[in-house]
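Q: Just so it is clear, I am handing over query_34.pdb, which has PDB, C-alpha atoms, pLDDT in the B column.
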```pdb
ATOM      1  CA  MET J   1      65.770  75.036 101.230  1.00 71.00           C
ATOM      2  CA  ASP J   2      68.412  72.330 101.319  1.00 91.00           C
ATOM      3  CA  LYS J   3      70.928  71.847 104.133  1.00 91.00           C
ATOM      4  CA  ILE J   4      73.847  73.428 102.286  1.00 92.00           C
ATOM      5  CA  ALA J   5      71.857  76.566 101.485  1.00 91.00           C
ATOM      6  CA  MET J   6      70.734  76.818 105.123  1.00 92.00           C
ATOM      7  CA  MET J   7      74.318  76.418 106.341  1.00 93.00           C
ATOM      8  CA  ASN J   8      75.536  79.067 103.895  1.00 92.00           C
ATOM      9  CA  GLU J   9      72.829  81.472 105.016  1.00 93.00           C
ATOM     10  CA  ALA J  10      73.663  80.908 108.685  1.00 93.00           C
ATOM     11  CA  ARG J  11      77.368  81.404 107.965  1.00 93.00           C
ATOM     12  CA  GLU J  12      76.632  84.651 106.117  1.00 93.00           C
ATOM     13  CA  ASP J  13      74.454  85.911 108.990  1.00 93.00           C
ATOM     14  CA  LYS J  14      77.239  85.147 111.460  1.00 92.00           C
ATOM     15  CA  ARG J  15      79.792  86.953 109.272  1.00 89.00           C
ATOM     16  CA  LEU J  16      77.573  90.021 108.999  1.00 91.00           C
ATOM     17  CA  GLN J  17      77.140  90.107 112.783  1.00 92.00           C
ATOM     18  CA  ARG J  18      80.910  89.791 113.291  1.00 87.00           C
ATOM     19  CA  ASP J  19      81.569  92.540 110.748  1.00 86.00           C
ATOM     20  CA  ALA J  20      79.101  94.868 112.514  1.00 90.00           C
ATOM     21  CA  GLU J  21      80.811  94.201 115.864  1.00 88.00           C
ATOM     22  CA  VAL J  22      84.267  94.832 114.382  1.00 81.00           C
ATOM     23  CA  LYS J  23      83.038  98.109 112.884  1.00 87.00           C
ATOM     24  CA  ARG J  24      81.542  99.184 116.223  1.00 90.00           C
ATOM     25  CA  LYS J  25      84.808  98.441 118.047  1.00 86.00           C
ATOM     26  CA  ALA J  26      86.881 100.219 115.397  1.00 84.00           C
ATOM     27  CA  GLU J  27      84.707 103.330 115.608  1.00 90.00           C
ATOM     28  CA  ALA J  28      85.030 103.392 119.411  1.00 90.00           C
ATOM     29  CA  CYS J  29      88.805 102.917 119.192  1.00 87.00           C
ATOM     30  CA  PHE J  30      89.124 105.706 116.635  1.00 90.00           C
ATOM     31  CA  ALA J  31      87.016 108.079 118.745  1.00 93.00           C
ATOM     32  CA  GLN J  32      89.262 107.393 121.739  1.00 92.00           C
ATOM     33  CA  TYR J  33      92.649 107.805 120.005  1.00 92.00           C
ATOM     34  CA  LYS J  34      92.022 110.061 116.987  1.00 93.00           C
ATOM     35  CA  LYS J  35      94.109 112.908 118.428  1.00 95.00           C
ATOM     36  CA  GLU J  36      97.150 110.686 119.090  1.00 94.00           C
ATOM     37  CA  PRO J  37      99.783 111.220 116.366  1.00 95.00           C
ATOM     38  CA  LEU J  38     101.219 107.701 116.793  1.00 93.00           C
ATOM     39  CA  PHE J  39      97.762 106.176 116.361  1.00 93.00           C
ATOM     40  CA  ILE J  40      97.176 108.192 113.178  1.00 93.00           C
ATOM     41  CA  ALA J  41     100.614 107.132 111.910  1.00 92.00           C
ATOM     42  CA  GLY J  42      99.640 103.492 112.486  1.00 89.00           C
ATOM     43  CA  ILE J  43      96.398 103.942 110.577  1.00 88.00           C
ATOM     44  CA  MET J  44      98.280 105.538 107.707  1.00 91.00           C
ATOM     45  CA  LEU J  45     100.834 102.713 107.641  1.00 88.00           C
ATOM     46  CA  TYR J  46      98.112 100.090 107.608  1.00 85.00           C
ATOM     47  CA  TRP J  47      96.194 101.939 104.914  1.00 85.00           C
ATOM     48  CA  ALA J  48      99.302 102.176 102.731  1.00 87.00           C
ATOM     49  CA  GLU J  49     101.002  98.852 103.474  1.00 84.00           C
ATOM     50  CA  GLY J  50      98.439  96.749 105.328  1.00 81.00           C
ATOM     51  CA  LYS J  51      96.909  93.542 104.144  1.00 75.00           C
ATOM     52  CA  THR J  52      93.475  92.091 104.672  1.00 67.00           C
ATOM     53  CA  THR J  53      92.045  88.899 103.326  1.00 64.00           C
ATOM     54  CA  GLN J  54      88.727  87.209 103.912  1.00 60.00           C
ATOM     55  CA  ARG J  55      90.472  84.297 105.630  1.00 59.00           C
ATOM     56  CA  ALA J  56      92.511  86.550 107.904  1.00 56.00           C
ATOM     57  CA  ALA J  57      90.004  89.316 108.520  1.00 57.00           C
ATOM     58  CA  CYS J  58      91.042  89.582 112.165  1.00 62.00           C
ATOM     59  CA  THR J  59      94.672  90.465 111.578  1.00 69.00           C
ATOM     60  CA  LEU J  60      96.651  93.673 111.363  1.00 74.00           C
ATOM     61  CA  GLU J  61      99.248  92.472 108.894  1.00 79.00           C
ATOM     62  CA  LEU J  62     101.731  94.890 107.386  1.00 81.00           C
ATOM     63  CA  ASN J  63     103.996  94.039 104.473  1.00 80.00           C
ATOM     64  CA  ASN J  64     107.163  96.092 104.207  1.00 82.00           C
ATOM     65  CA  SER J  65     110.904  95.414 104.238  1.00 82.00           C
ATOM     66  CA  ASN J  66     111.911  98.592 106.090  1.00 85.00           C
ATOM     67  CA  PRO J  67     112.807  97.555 109.650  1.00 84.00           C
ATOM     68  CA  LYS J  68     112.256 101.072 111.000  1.00 87.00           C
ATOM     69  CA  LEU J  69     108.756 101.148 109.608  1.00 87.00           C
ATOM     70  CA  LEU J  70     107.995  97.689 111.007  1.00 85.00           C
ATOM     71  CA  LYS J  71     109.302  98.730 114.412  1.00 86.00           C
ATOM     72  CA  LEU J  72     107.071 101.815 114.369  1.00 88.00           C
ATOM     73  CA  TYR J  73     104.057  99.712 113.402  1.00 86.00           C
ATOM     74  CA  CYS J  74     104.770  97.247 116.207  1.00 85.00           C
ATOM     75  CA  SER J  75     104.956 100.106 118.702  1.00 87.00           C
ATOM     76  CA  VAL J  76     101.520 101.305 117.537  1.00 88.00           C
ATOM     77  CA  ILE J  77     100.042  97.829 118.015  1.00 84.00           C
ATOM     78  CA  ARG J  78     101.577  97.527 121.492  1.00 83.00           C
ATOM     79  CA  LYS J  79     100.817 101.050 122.743  1.00 87.00           C
ATOM     80  CA  PHE J  80      97.176 100.988 121.731  1.00 85.00           C
ATOM     81  CA  ASN J  81      96.671  97.248 122.388  1.00 80.00           C
ATOM     82  CA  LEU J  82      94.998  96.922 119.006  1.00 75.00           C
ATOM     83  CA  LYS J  83      92.883  93.827 118.585  1.00 65.00           C
ATOM     84  CA  ILE J  84      90.196  93.483 115.988  1.00 51.00           C
ATOM     85  CA  CYS J  85      88.808  90.190 117.224  1.00 49.00           C
ATOM     86  CA  GLU J  86      88.895  88.577 120.647  1.00 46.00           C
ATOM     87  CA  GLY J  87      91.970  86.453 121.195  1.00 47.00           C
ATOM     88  CA  ASN J  88      93.948  88.213 118.455  1.00 44.00           C
ATOM     89  CA  SER J  89      96.991  88.822 120.596  1.00 40.00           C
ATOM     90  CA  VAL J  90      99.562  86.821 118.671  1.00 43.00           C
ATOM     91  CA  GLY J  91     101.900  88.836 116.525  1.00 47.00           C
ATOM     92  CA  ARG J  92     104.138  87.509 113.789  1.00 50.00           C
ATOM     93  CA  MET J  93     106.897  89.261 111.999  1.00 51.00           C
ATOM     94  CA  LEU J  94     108.671  88.047 108.944  1.00 50.00           C
ATOM     95  CA  ALA J  95     111.694  90.027 107.886  1.00 47.00           C
ATOM     96  CA  CYS J  96     114.329  89.222 105.357  1.00 47.00           C
ATOM     97  CA  GLN J  97     117.648  88.077 106.809  1.00 44.00           C
ATOM     98  CA  ALA J  98     119.466  91.184 105.596  1.00 44.00           C
ATOM     99  CA  SER J  99     117.144  93.485 107.534  1.00 49.00           C
ATOM    100  CA  ARG J 100     116.947  91.383 110.670  1.00 50.00           C
ATOM    101  CA  ARG J 101     120.132  92.706 112.279  1.00 51.00           C
ATOM    102  CA  ARG J 102     119.123  96.321 111.713  1.00 52.00           C
ATOM    103  CA  PHE J 103     115.636  95.679 113.126  1.00 50.00           C
ATOM    104  CA  GLU J 104     116.897  93.927 116.238  1.00 51.00           C
ATOM    105  CA  SER J 105     119.391  96.690 116.976  1.00 50.00           C
ATOM    106  CA  GLY J 106     116.452  99.101 117.067  1.00 52.00           C
ATOM    107  CA  PRO J 107     117.477 102.117 115.024  1.00 48.00           C
ATOM    108  CA  SER J 108     115.241 105.092 115.664  1.00 49.00           C
ATOM    109  CA  LEU J 109     113.103 106.733 113.025  1.00 51.00           C
ATOM    110  CA  HIS J 110     114.584 110.149 113.758  1.00 45.00           C
TER     111      HIS J 110
END
```
Let me see the structure of the file written as structure tokens.
A:
Amino acid sequence: MDKIAMMNEAREDKRLQRDAEVKRKAEACFAQYKKEPLFIAGIMLYWAEGKTTQRAACTLELNNSNPKLLKLYCSVIRKFNLKICEGNSVGRMLACQASRRRFESGPSLH
């Protein structure tokens, strides 16, 4: 087996171990919060509007232009301290300029 094949195999083994750990943590988190309506709302938002990529597998990115929805999603992340991977505590929000004022003023969802 050449060096590149060995490196690829080691990288794949490491990825599979990381994926198993992420799944274990997600199952524990779900078991703890599954009766919390806000938590379920966050899962539904991520399922409908969330984004995952292989490069950014440790992010909870949500793509939507509705500032109320983004505010709700941020409150879910904060309340439940959701982190998929260690050190994933940096949040970024990109909103179009037209929605920024409405988001910052904090309109409620009700």
Q: Could you tell me how far atom CA of J:Leu62 lies from atom CA of J:Val76, in Å and to one decimal?
A: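 Rounded to one decimal, the two atoms are 12.0 Å apart.
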Q: Please identify all polymer residues within 10 Å of stretch 42-52 of chain J, counting only C-alpha atoms, omitting same-chain residues fewer than 5 positions from it, and present them as number ranges by chain.
A: J: 30, 34, 37, 57-64, 69-70, 72-77, 80
Q: Measuring atom to atom with only C-alpha atoms, identify which of J:Leu38, J:Leu16, J:Ala31, J:Met6 is nearest to J:Arg78.
A: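 Among the listed residues, the smallest separation from J:Arg78 belongs to J:Leu38.
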Q: Enter the distance from atom CA of J:Lys3 to atom CA of J:Glu21, in Å, rounded to one decimal.
A: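 Separating atom CA of J:Lys3 from atom CA of J:Glu21 is a distance of 27.1 Å.
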Q: So how far away is atom CA of J:Asp13 from atom CA of J:Glu27, in Å?
A: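 Distance between the two atoms: 21.3 Å.
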Q: Ranking J:Arg11, J:Ile4, J:Leu82, J:Asn66 by minimum distance to J:Lys25 and counting only C-alpha atoms, which one comes first?
A: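 Counting only C-alpha atoms, the residue closest to J:Lys25 is J:Leu82.
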